[in-house]
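**Student:** Just one file: work-v9.csv, with CSV, C-alpha atoms.
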```csv
chain,number,residue,atom,x,y,z
A,5,THR,CA,95.0,138.3,88.8
A,6,THR,CA,93.3,140.8,91.0
A,7,ALA,CA,94.3,144.0,92.8
A,8,VAL,CA,93.3,143.8,96.5
A,9,PRO,CA,93.2,147.0,98.7
A,10,LEU,CA,95.1,146.5,102.0
A,11,GLN,CA,93.7,147.8,105.4
A,12,PHE,CA,96.9,149.6,106.2
A,13,GLY,CA,97.1,151.4,102.8
A,14,GLY,CA,98.2,150.5,99.3
A,15,THR,CA,97.2,147.5,97.2
A,16,ALA,CA,98.6,144.0,96.6
A,17,VAL,CA,98.2,141.9,93.4
A,18,VAL,CA,97.0,138.3,94.0
A,19,SER,CA,97.4,135.6,91.3
A,20,CYS,CA,95.6,132.3,91.7
A,21,SER,CA,96.0,129.2,89.6
A,22,PRO,CA,93.4,126.5,89.8
A,23,LEU,CA,94.5,123.3,91.4
A,24,PRO,CA,95.2,120.6,88.7
A,25,LEU,CA,93.0,118.1,90.5
A,26,GLU,CA,91.0,118.0,93.7
A,27,LEU,CA,90.8,114.5,95.0
A,28,ILE,CA,87.9,114.2,97.5
A,29,ALA,CA,88.0,110.4,98.2
A,30,PHE,CA,90.3,107.4,97.6
A,31,GLU,CA,89.4,104.0,99.1
A,32,ALA,CA,90.9,100.5,98.8
A,33,THR,CA,88.6,97.6,99.9
A,34,ALA,CA,89.2,93.8,100.0
A,35,GLN,CA,86.4,92.0,98.3
A,36,GLY,CA,86.8,88.3,98.3
A,37,GLY,CA,90.2,87.6,96.6
A,38,ARG,CA,90.4,91.1,95.0
A,39,VAL,CA,91.0,94.6,96.1
A,40,LEU,CA,88.6,97.2,94.8
A,41,LEU,CA,90.1,100.7,94.4
A,42,GLU,CA,87.7,103.7,94.0
A,43,TRP,CA,88.3,107.4,94.0
A,44,THR,CA,86.5,110.6,93.3
A,45,THR,CA,87.6,114.0,92.1
A,46,ALA,CA,85.7,117.3,92.6
A,47,SER,CA,87.4,119.0,89.6
A,48,GLU,CA,90.3,118.4,87.2
A,49,VAL,CA,92.5,120.7,85.1
A,50,ASN,CA,94.7,119.1,82.5
A,51,SER,CA,94.9,115.7,84.2
A,52,MET,CA,96.1,112.9,82.0
A,53,HIS,CA,95.8,109.6,83.9
A,54,PHE,CA,96.1,107.9,87.3
A,55,GLU,CA,98.7,105.2,88.0
A,56,VAL,CA,97.5,102.8,90.8
A,57,GLU,CA,100.6,101.7,92.8
A,58,ARG,CA,101.0,99.0,95.4
A,59,SER,CA,103.7,98.3,98.0
A,60,ILE,CA,104.3,96.0,100.9
A,61,ASP,CA,106.7,98.3,102.7
A,62,MET,CA,105.7,101.9,101.5
A,63,GLU,CA,109.3,102.2,100.1
A,64,GLU,CA,109.2,100.3,96.8
A,65,TRP,CA,106.1,100.7,94.7
A,66,GLU,CA,104.9,98.9,91.7
A,67,LYS,CA,102.3,99.9,89.1
A,68,VAL,CA,99.1,97.8,89.2
A,69,ASP,CA,97.0,99.7,86.6
A,70,VAL,CA,96.7,102.9,84.6
A,71,VAL,CA,93.3,104.6,84.4
A,72,GLY,CA,92.6,107.5,82.0
A,73,ALA,CA,91.4,110.8,83.5
A,74,VAL,CA,88.7,113.2,82.1
A,75,GLY,CA,91.3,115.9,81.5
A,76,THR,CA,89.5,119.2,82.5
A,77,SER,CA,86.2,119.3,84.3
A,78,ASN,CA,84.4,121.2,87.0
A,79,LEU,CA,82.1,118.3,87.7
A,80,GLN,CA,82.6,115.4,90.1
A,81,SER,CA,84.1,112.4,88.5
A,82,GLY,CA,84.3,108.8,89.8
A,83,TYR,CA,86.9,106.2,89.0
A,84,ALA,CA,87.4,102.5,89.9
A,85,THR,CA,89.7,99.6,89.1
A,86,THR,CA,90.5,96.2,90.7
A,87,ASP,CA,93.7,94.5,91.8
A,88,HIS,CA,92.9,91.0,90.7
A,89,ALA,CA,96.1,89.5,92.2
A,90,PRO,CA,96.6,91.2,95.5
A,91,LEU,CA,99.5,90.2,97.8
A,92,PRO,CA,98.8,88.2,101.0
A,93,GLY,CA,98.8,90.0,104.3
A,94,LEU,CA,99.1,93.8,104.5
A,95,SER,CA,99.6,95.9,101.4
A,96,TYR,CA,99.5,99.6,100.7
A,97,TYR,CA,97.9,101.4,97.7
A,98,ARG,CA,98.3,105.0,96.4
A,99,LEU,CA,97.5,107.0,93.2
A,100,ARG,CA,100.1,108.7,91.1
A,101,ILE,CA,98.1,111.6,89.6
A,102,VAL,CA,99.8,112.5,86.3
A,103,ASP,CA,99.1,115.8,84.4
A,104,LEU,CA,99.4,116.5,80.7
A,105,ASP,CA,102.7,118.2,81.2
A,106,GLY,CA,104.1,115.1,82.9
A,107,SER,CA,104.1,116.5,86.4
A,108,PHE,CA,102.5,114.3,89.1
A,109,THR,CA,101.3,114.2,92.7
A,110,PHE,CA,100.4,111.4,95.0
A,111,SER,CA,97.2,110.6,96.8
A,112,PRO,CA,97.1,109.6,100.5
A,113,VAL,CA,98.1,105.9,101.1
A,114,ARG,CA,95.4,103.3,101.9
A,115,SER,CA,96.1,99.9,103.4
A,116,VAL,CA,94.4,96.6,102.8
A,117,ARG,CA,94.9,93.3,104.7
A,118,MET,CA,94.2,90.1,102.7
A,119,MET,CA,93.3,87.1,104.9
A,120,GLU,CA,95.9,84.4,104.8
A,121,THR,CA,94.1,81.0,105.1
A,122,ALA,CA,96.5,78.1,105.2
A,123,LEU,CA,97.2,76.1,102.1
A,124,VAL,CA,99.5,73.1,102.1
A,125,CYS,CA,102.0,72.5,99.3
A,126,HIS,CA,104.1,69.3,99.1
A,127,PRO,CA,107.0,69.0,98.7
A,128,ASN,CA,108.2,72.4,99.9
A,129,PRO,CA,111.0,73.3,99.0
A,130,THR,CA,110.6,72.0,95.5
A,131,SER,CA,112.4,72.2,92.2
A,132,GLY,CA,109.3,73.4,90.4
A,133,SER,CA,106.6,70.8,90.7
A,134,PHE,CA,104.4,70.4,93.8
A,135,THR,CA,100.9,69.3,94.9
A,136,VAL,CA,98.4,71.7,96.6
A,137,LEU,CA,96.3,69.7,99.1
A,138,HIS,CA,92.6,70.2,99.8
A,139,VAL,CA,91.6,72.4,96.9
A,140,PRO,CA,87.8,72.7,96.7
A,141,ASP,CA,85.8,72.1,93.5
A,142,GLY,CA,86.2,75.1,91.3
A,143,GLY,CA,89.3,76.3,93.1
A,144,VAL,CA,91.7,78.2,90.9
A,145,ILE,CA,95.5,78.1,91.6
A,146,GLU,CA,97.8,81.0,90.8
A,147,VAL,CA,101.5,81.3,91.6
A,148,LEU,CA,102.9,84.8,92.1
A,149,ASP,CA,106.5,86.0,92.3
A,150,VAL,CA,107.8,88.4,95.0
A,151,LEU,CA,106.4,91.4,93.1
A,152,GLY,CA,103.0,89.9,92.9
A,153,ARG,CA,103.2,89.1,89.2
A,154,SER,CA,101.5,85.9,88.0
A,155,VAL,CA,103.9,83.3,86.7
A,156,GLN,CA,103.0,80.7,84.1
A,157,VAL,CA,102.0,77.3,85.5
A,158,ASP,CA,100.3,74.1,84.5
A,159,ALA,CA,97.8,73.2,87.2
A,160,ARG,CA,95.8,70.0,86.9
A,161,PRO,CA,93.4,68.3,89.3
A,162,SER,CA,94.9,65.3,91.1
A,163,THR,CA,93.5,62.6,93.5
A,164,GLY,CA,91.7,63.4,96.7
A,165,GLY,CA,90.8,67.0,96.0
A,166,SER,CA,94.4,68.1,95.4
A,167,MET,CA,96.0,69.9,92.4
A,168,GLN,CA,99.3,69.1,90.7
A,169,VAL,CA,101.2,72.3,89.8
A,170,GLN,CA,104.2,72.6,87.5
A,171,LEU,CA,105.9,75.9,86.9
A,172,SER,CA,106.6,76.4,83.2
A,173,LEU,CA,110.0,78.2,83.8
A,174,PRO,CA,111.0,77.5,87.4
A,175,SER,CA,113.6,79.8,88.9
A,176,PRO,CA,114.9,79.7,92.4
A,177,GLY,CA,113.2,81.9,95.0
A,178,LEU,CA,110.1,82.3,97.2
A,179,PHE,CA,106.7,82.3,95.5
A,180,THR,CA,103.2,82.8,96.8
A,181,VAL,CA,100.6,80.2,95.9
A,182,ARG,CA,97.1,81.7,95.8
A,183,MET,CA,93.9,79.6,95.7
A,184,SER,CA,90.6,81.4,94.9
A,185,ASN,CA,87.1,79.9,95.0
A,186,GLY,CA,84.5,82.6,94.7
A,187,ALA,CA,84.9,84.9,97.7
A,188,ASP,CA,87.2,82.4,99.5
A,189,VAL,CA,91.0,83.0,99.1
A,190,ALA,CA,93.9,81.1,100.6
A,191,PHE,CA,97.6,81.8,100.4
A,192,THR,CA,100.8,80.0,101.2
A,193,LYS,CA,104.5,80.3,100.3
A,194,VAL,CA,106.5,77.8,98.4
A,195,LEU,CA,110.3,77.8,97.9
A,196,ILE,CA,111.7,76.9,94.5
A,197,SER,CA,115.2,75.5,95.0
A,198,GLU,CA,118.1,75.0,92.6
A,199,ARG,CA,117.7,71.8,90.6
```
Rewrite the structure from the file as structure tokens, please.

**Tutor:**
Amino acid sequence: TTAVPLQFGGTAVVSCSPLPLELIAFEATAQGGRVLLEWTTASEVNSMHFEVERSIDMEEWEKVDVVGAVGTSNLQSGYATTDHAPLPGLSYYRLRIVDLDGSFTFSPVRSVRMMETALVCHPNPTSGSFTVLHVPDGGVIEVLDVLGRSVQVDARPSTGGSMQVQLSLPSPGLFTVRMSNGADVAFTKVLISER
């Protein structure tokens, strides 16, 4: 709190509160089948943690990860985390910056587009069991629900470079099938119908 003389006479009292956190960079980058999220702060005051959030429409957001903050610092701090199961196509990411008193602010939004290489699943629609064709050696199959959460499956190699997939608890709806093989990622949709 400081008294400041005014040019036209008198004084004014100015009170300044330090910003709780100064975010100087936030980036989201597709790397193979993952999204790398990195951010840097110039200073922090009473910061508790960062919640990394993801959306496909910038209206409904889901939490991807929580990263602890340094708390209070006048030094530059760097953070990073990875979304290991990104959604196919265009997604949006932001940080919810939470302070010790529970208040929060949001970072700018960043967008990432994951390539959608064609996979073929047969039959489609299915009641919960299907074959993924042309899976390369070492390819890993994952099935995601509409929120991008991994669902439990039994995936076994089959003949001719294909993979037989059985959902453990099939429920009706549209699911994403994701195949990763190192830096290569392919997606497709499969519809689970009523039995």

**Student:** Find the residues around A:Ser162 up to 12 Å (only C-alpha atoms counted), leave out those fewer than 3 positions away in its own chain, and share them as a PyMOL selection string.

**Tutor:** chain A and resi 134-141+159+165-169

**Student:** Tell me, as a PDB file with C-alpha atoms, keeping the file's coordinate frame, which residues lie within 10 Å of A:Ser107, counting only C-alpha atoms; anything in the same chain fewer than 5 positions away does not count.

**Tutor:**
```pdb
ATOM      1  CA  SER A  51      94.900 115.700  84.200  1.00  0.00           C
ATOM      2  CA  MET A  52      96.100 112.900  82.000  1.00  0.00           C
ATOM      3  CA  ARG A 100     100.100 108.700  91.100  1.00  0.00           C
ATOM      4  CA  ILE A 101      98.100 111.600  89.600  1.00  0.00           C
ATOM      5  CA  VAL A 102      99.800 112.500  86.300  1.00  0.00           C
TER       6      VAL A 102
END
```

**Student:** Listing only residues of stretch 133-174 of chain A within 12 Å of stretch 77-88 of chain A, what is the closest atom pair and its distance in Å (to one decimal) for each, using all atoms listed in the file, sorted by chain and residue number ascending, as CSV?

**Tutor:**
```
residue,atom,partner,partner_atom,distance
A:Glu146,CA,A:His88,CA,11.1
A:Leu148,CA,A:His88,CA,11.8
A:Gly152,CA,A:His88,CA,10.4
A:Arg153,CA,A:His88,CA,10.6
A:Ser154,CA,A:His88,CA,10.4
```

**Student:** Can you tell me, as a PDB file with C-alpha atoms, in the frame of the given file, what residues are no more than 12 Å from A:Asp158 when counting only C-alpha atoms, ignoring any on the same chain fewer than 2 positions away?

**Tutor:**
```pdb
ATOM      1  CA  GLY A 132     109.300  73.400  90.400  1.00  0.00           C
ATOM      2  CA  SER A 133     106.600  70.800  90.700  1.00  0.00           C
ATOM      3  CA  PHE A 134     104.400  70.400  93.800  1.00  0.00           C
ATOM      4  CA  THR A 135     100.900  69.300  94.900  1.00  0.00           C
ATOM      5  CA  VAL A 144      91.700  78.200  90.900  1.00  0.00           C
ATOM      6  CA  ILE A 145      95.500  78.100  91.600  1.00  0.00           C
ATOM      7  CA  GLU A 146      97.800  81.000  90.800  1.00  0.00           C
ATOM      8  CA  VAL A 147     101.500  81.300  91.600  1.00  0.00           C
ATOM      9  CA  VAL A 155     103.900  83.300  86.700  1.00  0.00           C
ATOM     10  CA  GLN A 156     103.000  80.700  84.100  1.00  0.00           C
ATOM     11  CA  ARG A 160      95.800  70.000  86.900  1.00  0.00           C
ATOM     12  CA  PRO A 161      93.400  68.300  89.300  1.00  0.00           C
ATOM     13  CA  MET A 167      96.000  69.900  92.400  1.00  0.00           C
ATOM     14  CA  GLN A 168      99.300  69.100  90.700  1.00  0.00           C
ATOM     15  CA  VAL A 169     101.200  72.300  89.800  1.00  0.00           C
ATOM     16  CA  GLN A 170     104.200  72.600  87.500  1.00  0.00           C
ATOM     17  CA  LEU A 171     105.900  75.900  86.900  1.00  0.00           C
ATOM     18  CA  SER A 172     106.600  76.400  83.200  1.00  0.00           C
ATOM     19  CA  LEU A 173     110.000  78.200  83.800  1.00  0.00           C
ATOM     20  CA  PRO A 174     111.000  77.500  87.400  1.00  0.00           C
TER      21      PRO A 174
END
```

**Student:** Residues of stretch 51-78 of chain A that approach stretch 90-93 of chain A to 12 Å or less, counting all atoms listed in the file: could you list each one with the shortest pair of atoms and its distance in Å to one decimal, rows by chain and increasing residue number, as a Markdown table?

**Tutor:**
```
| residue | atom | partner | partner_atom | distance |
| --- | --- | --- | --- | --- |
| A:Glu57 | CA | A:Pro90 | CA | 11.6 |
| A:Arg58 | CA | A:Pro90 | CA | 9.0 |
| A:Ser59 | CA | A:Leu91 | CA | 9.1 |
| A:Ile60 | CA | A:Leu91 | CA | 8.1 |
| A:Asp61 | CA | A:Gly93 | CA | 11.6 |
| A:Glu66 | CA | A:Leu91 | CA | 11.9 |
| A:Val68 | CA | A:Pro90 | CA | 9.5 |
```

**Student:** Between A:Asn50, A:Thr192, A:Gln35, A:Thr109, which is the closest to A:Gly72 once you count only C-alpha atoms?

**Tutor:**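 Result for the nearest residue to A:Gly72: A:Asn50.
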
**Student:** Using atom CA of A:Gly37 and atom CA of A:Glu64 as the two end points, give the distance in Å to one decimal.

**Tutor:**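 Going from atom CA of A:Gly37 over to atom CA of A:Glu64 covers 22.9 Å.
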
**Student:** Every residue with an atom at most 9 Å from (96.7, 79.4, 99.7) (file coordinates; only C-alpha atoms) is what I'm after, so could you write them as a PyMOL selection string?

**Tutor:** chain A and resi 120-125+136+145+180-184+189-193
